[in-house]
Amino acid sequence: MSQILIHAGDGPAGRQTMAAARMALPLAAGTLLALTAGAALAQAPEAVAAPAPVMDKGDAAWVMISAVLVMMMTLPGLALFYGGLVRSRNVLSVLMQVLATFSVMAILWVVVGYSLAFTGPATAEEAGPLTPFIGGLSKMFLGGVTTSSMAETFSTGVFIPELAFVVFQMAFACIAPALIVGATAERMKFAAVLAFVVIWFFLSYLPMAHMVWWWGGPSAYDAPSGYLFGHGALDFAGGTVIHINAGVAGLVAAMVAGPRLGYGREPMAPHNLTMTMLGGCLLWIGWFGFNAGSNLEANGLTALAIINTAVATAAAALAWAFGEWAMRGHPSLLGGVSGAIAGLVGVTPAAGFVGPMGAIAIGLAAGLICFWVVVSLKSRIGIDDSLDVFGIHGVGGIVGAILTGVFAAPSLGGAGIYDYAAGGPGAFDMGHQVYVQVLGVVICVIWSGVVSFLAIHLVRMTIGLRVGATDERQGLDLTTHGENAYN
């Protein structure tokens, strides 16, 4: 309580006034306290009935920092990673495709993407047949999203600014289509790439994000939700929504576009592995925001996601490198960094559901399986997935999604599942959870495959997919963008 200082002058009169004031102060303070308590009691029922959401500044800061980390994954991380893997005459074309894709998606997200992915009816009576698969337009142009609007996290009564959630999810929406461009690098028209990823974004990314991540929040856990979320599918940070989704799209696009000129006959070695290593490391560091930021809070589970992301990636990098060492006689840098990306992809759906030992197991599996697909299976299939988008992101995402259902089990050190209705940990059935995870994988593969097949054929009939043979041999940097990476 603050002190009240009274000055009444010196002498007897002053001292009498001071004494009277000292006698009056307790009485006045008591009266004031009584009135305050009475007013508080009168307002108590209303306050309990409708508490105003209070933002947690620490959680808000973490989510916004994570959004910046995820944006760094695309620019410059993914751009440099892809740029180093192509031949020197095409490096700028890949950088430009990643830059332009990021920019287009950022605009589309705030205009309509966020609304379609993360809105929907609040009650079962308002729900329609499309509710589990796509949202509405109530927040188109971010209508109603202000600096005062809040979004609930995964804990009841814990809120962050809705704009922080919007920008975090925007970073995800930007990197997912950017992954696809690696599959058709060095041969597709710039306009065709942009047209394809825009169609895929609307018809595949947004529906999958809605199906997997949209729900009413912990305060309305029984409200309508996305189709796969309602089935109990676990995808902590985007194994299905981003990696399988983009990996399948890349495979379909590469198949329809056809191989690069000279594929299988001419050397097509990466032109700058130093650039690829730098981009891969930026991806790894940014991935901590990708995975741990998906918890939307800064707590122990966030720390678990960080350590899982670190150890799974390390295990996958070693698995790929040592597998290559045993099979080819040398552990290459390209193999090590490719394994690291495979581990990052594999642990993405599991980051907050498994323990560190489970994360290591997932990393080892993702590293070895992706290595086999890229080194052995790819040549047998004959599809020129230029930068192994499906071999790493698609396959790694499938491995991680399915193994999440195994290693999320508390008996194997996992966190299990939380039952919001019971207000505590729910019963975990490994067999059922694996079934649900497989269901999510199958739906994602089919959905993205059909959308991608239709989209790439539509683009081929309208714009055309490939540059001319002369332009392809000369390089897209000069023929498409009018500049050289190295002068």
# chains A, B, ... in the order shown; residues from 1 in each chain; ligands from 1
$ select_by_dssp --residues "range 343-438 of chain A" --states "alpha helix (DSSP H)" --output "PyMOL selection string"
chain A and resi 343-347+356-372+378-381+395-407+430-438
$ residues_around --residues "Leu234 in chain A" --least-positions-apart "4" --cutoff "10 Å" --atoms "only C-alpha atoms" --output "list in words"
Val212, Trp213, Leu228, Phe229, Gly238, Gly239, Thr240, Pro349, Ala350, Gly352, Phe353, Ala401, Ile402, Thr404, Gly405, Ala408, Ile417, Gln433, Val434, Val436, Gln437 and Gly440 of chain A
$ atom_distance --atom1 "CA of Ala124 in chain A" --atom2 "CA of Gly143 in chain A"
23.6 Å
$ residues_around --residues "range 324-337 of chain A" --least-positions-apart "3" --cutoff "8 Å" --atoms "only C-alpha atoms" --output "list in words"
Leu273, Met277, Gly280, Ala317, Leu318, Trp320, Ala321, Ala340, Ile341 and Phe371 of chain A
$ residues_around --residues "Phe407 in chain A" --least-positions-apart "2" --cutoff "9 Å" --atoms "only C-alpha atoms" --output "short mmCIF file (atom, residue, chain, number, x, y, z; two decimals) with N, CA and C atoms, in the first residue's frame"
data_model
loop_
_atom_site.label_atom_id
_atom_site.label_comp_id
_atom_site.auth_asym_id
_atom_site.auth_seq_id
_atom_site.Cartn_x
_atom_site.Cartn_y
_atom_site.Cartn_z
N ALA A 350 6.20 -36.39 -35.03
CA ALA A 350 6.34 -37.06 -33.73
C ALA A 350 6.93 -36.17 -32.65
N PHE A 353 5.24 -35.92 -29.30
CA PHE A 353 4.51 -37.11 -28.84
C PHE A 353 5.43 -38.24 -28.39
N VAL A 354 6.69 -38.24 -28.80
CA VAL A 354 7.59 -39.34 -28.47
C VAL A 354 8.68 -38.86 -27.54
N GLY A 355 9.38 -39.81 -26.90
CA GLY A 355 10.52 -39.47 -26.09
C GLY A 355 11.79 -39.43 -26.91
N MET A 357 14.43 -41.30 -26.97
CA MET A 357 14.86 -42.59 -27.53
C MET A 357 13.98 -42.97 -28.73
N GLY A 358 12.71 -42.68 -28.64
CA GLY A 358 11.84 -42.90 -29.78
C GLY A 358 12.22 -42.03 -30.96
N ALA A 359 12.62 -40.78 -30.67
CA ALA A 359 13.04 -39.87 -31.74
C ALA A 359 14.29 -40.40 -32.43
N ALA A 361 15.15 -43.54 -32.71
CA ALA A 361 14.72 -44.69 -33.53
C ALA A 361 14.07 -44.22 -34.83
N ILE A 362 13.24 -43.18 -34.75
CA ILE A 362 12.60 -42.64 -35.95
C ILE A 362 13.65 -42.05 -36.89
N LEU A 403 5.47 -44.28 -37.59
CA LEU A 403 6.19 -44.60 -36.36
C LEU A 403 5.77 -43.72 -35.19
N THR A 404 5.16 -42.58 -35.46
CA THR A 404 4.60 -41.78 -34.37
C THR A 404 3.58 -42.59 -33.59
N GLY A 405 2.77 -43.38 -34.30
CA GLY A 405 1.78 -44.21 -33.64
C GLY A 405 2.39 -45.28 -32.76
N ALA A 409 3.63 -44.25 -27.59
CA ALA A 409 3.16 -45.08 -26.49
C ALA A 409 3.93 -44.76 -25.21
N PRO A 410 3.25 -44.52 -24.10
CA PRO A 410 3.95 -44.26 -22.83
C PRO A 410 4.88 -45.39 -22.43
N SER A 411 4.56 -46.62 -22.82
CA SER A 411 5.42 -47.75 -22.48
C SER A 411 6.76 -47.69 -23.18
N LEU A 412 6.85 -46.89 -24.26
CA LEU A 412 8.10 -46.72 -24.99
C LEU A 412 8.69 -45.33 -24.78
N GLY A 413 8.25 -44.67 -23.72
CA GLY A 413 8.78 -43.35 -23.39
C GLY A 413 8.06 -42.20 -24.03
N GLY A 414 6.95 -42.47 -24.73
CA GLY A 414 6.20 -41.40 -25.38
C GLY A 414 5.27 -40.67 -24.43
N ALA A 415 4.70 -39.58 -24.92
CA ALA A 415 3.81 -38.76 -24.11
C ALA A 415 2.37 -39.24 -24.15
N GLY A 416 2.06 -40.20 -25.03
CA GLY A 416 0.68 -40.66 -25.13
C GLY A 416 -0.21 -39.60 -25.75
N MET A 430 -1.83 -48.83 -29.08
CA MET A 430 -0.84 -48.70 -30.14
C MET A 430 -1.39 -49.18 -31.48
#
$ atom_distance --atom1 "CA of Gln97 in chain A" --atom2 "CA of Ile392 in chain A"
19.7 Å
$ closest_residue --among "A:Lys189, A:His432, A:Arg460, A:Arg89" --to "Ala233 in chain A" --atoms "only C-alpha atoms"
A:His432
$ residues_around --residues "range 99-104 of chain A" --least-positions-apart "4" --cutoff "8 Å" --atoms "only C-alpha atoms" --output "PyMOL selection string"
chain A and resi 74-75+79+95+108+174-175+177-178+194+197
$ closest_residue --among "A:Ser452, A:Ser386, A:Ser338, A:Ser138" --to "Leu368 in chain A" --atoms "only C-alpha atoms"
A:Ser338
$ residues_around --residues "Ile134 in chain A" --least-positions-apart "2" --cutoff "7 Å" --atoms "only C-alpha atoms" --output "PDB file with C-alpha atoms, in the first residue's frame"
ATOM      1  CA  LEU A 116     -10.115 -21.637 -45.438  1.00  0.00           C
ATOM      2  CA  ALA A 117      -7.714 -23.600 -43.245  1.00  0.00           C
ATOM      3  CA  LEU A 130     -17.768 -29.968 -46.145  1.00  0.00           C
ATOM      4  CA  THR A 131     -16.988 -28.864 -42.583  1.00  0.00           C
ATOM      5  CA  PRO A 132     -14.432 -31.647 -41.899  1.00  0.00           C
ATOM      6  CA  GLY A 136     -15.113 -20.873 -44.727  1.00  0.00           C
ATOM      7  CA  PRO A 207      -7.825 -28.957 -47.187  1.00  0.00           C
ATOM      8  CA  HIS A 210      -7.946 -28.091 -42.190  1.00  0.00           C
TER       9      HIS A 210
END
$ closest_residue --among "A:Tyr227, A:Met72, A:Tyr221, A:Gly113" --to "Pro129 in chain A" --atoms "only C-alpha atoms"
A:Tyr227
$ select_by_dssp --residues "range 297-462 of chain A" --states "strand (DSSP E)" --output "compact mmCIF listing (two decimals) with N, CA and C atoms, in the first residue's frame"
# COMPACT_ATOMS: atom_id res chain seq x y z
N TYR A 418 -3.63 -36.85 -24.89
CA TYR A 418 -4.33 -36.14 -23.82
C TYR A 418 -5.83 -36.18 -24.08
N ASP A 419 -6.58 -36.57 -23.07
CA ASP A 419 -8.04 -36.64 -23.17
C ASP A 419 -8.63 -35.38 -22.55
N GLY A 424 -7.08 -35.24 -18.56
CA GLY A 424 -5.82 -35.90 -18.23
C GLY A 424 -5.42 -36.85 -19.33
N PRO A 425 -4.34 -37.61 -19.11
CA PRO A 425 -3.87 -38.56 -20.13
C PRO A 425 -4.94 -39.59 -20.45
$ residues_around --residues "range 281-286 of chain A" --least-positions-apart "2" --cutoff "7 Å" --atoms "only C-alpha atoms" --output "MDAnalysis selection string"
chainID A and resid 69:70 72:73 77:78 277:279 288:290
$ atom_distance --atom1 "CA of Glu125 in chain A" --atom2 "CA of Gly232 in chain A"
21.6 Å
$ closest_residue --among "A:Thr313, A:Thr348, A:Asn90, A:Ser225" --to "Gly367 in chain A" --atoms "only C-alpha atoms"
A:Thr313
$ closest_residue --among "A:Val112, A:Ala122, A:Met140, A:Ala164" --to "Phe202 in chain A" --atoms "only C-alpha atoms"
A:Val112
$ closest_residue --among "A:Leu296, A:Ala365, A:Val98, A:Ala209" --to "Asp235 in chain A" --atoms "only C-alpha atoms"
A:Ala209
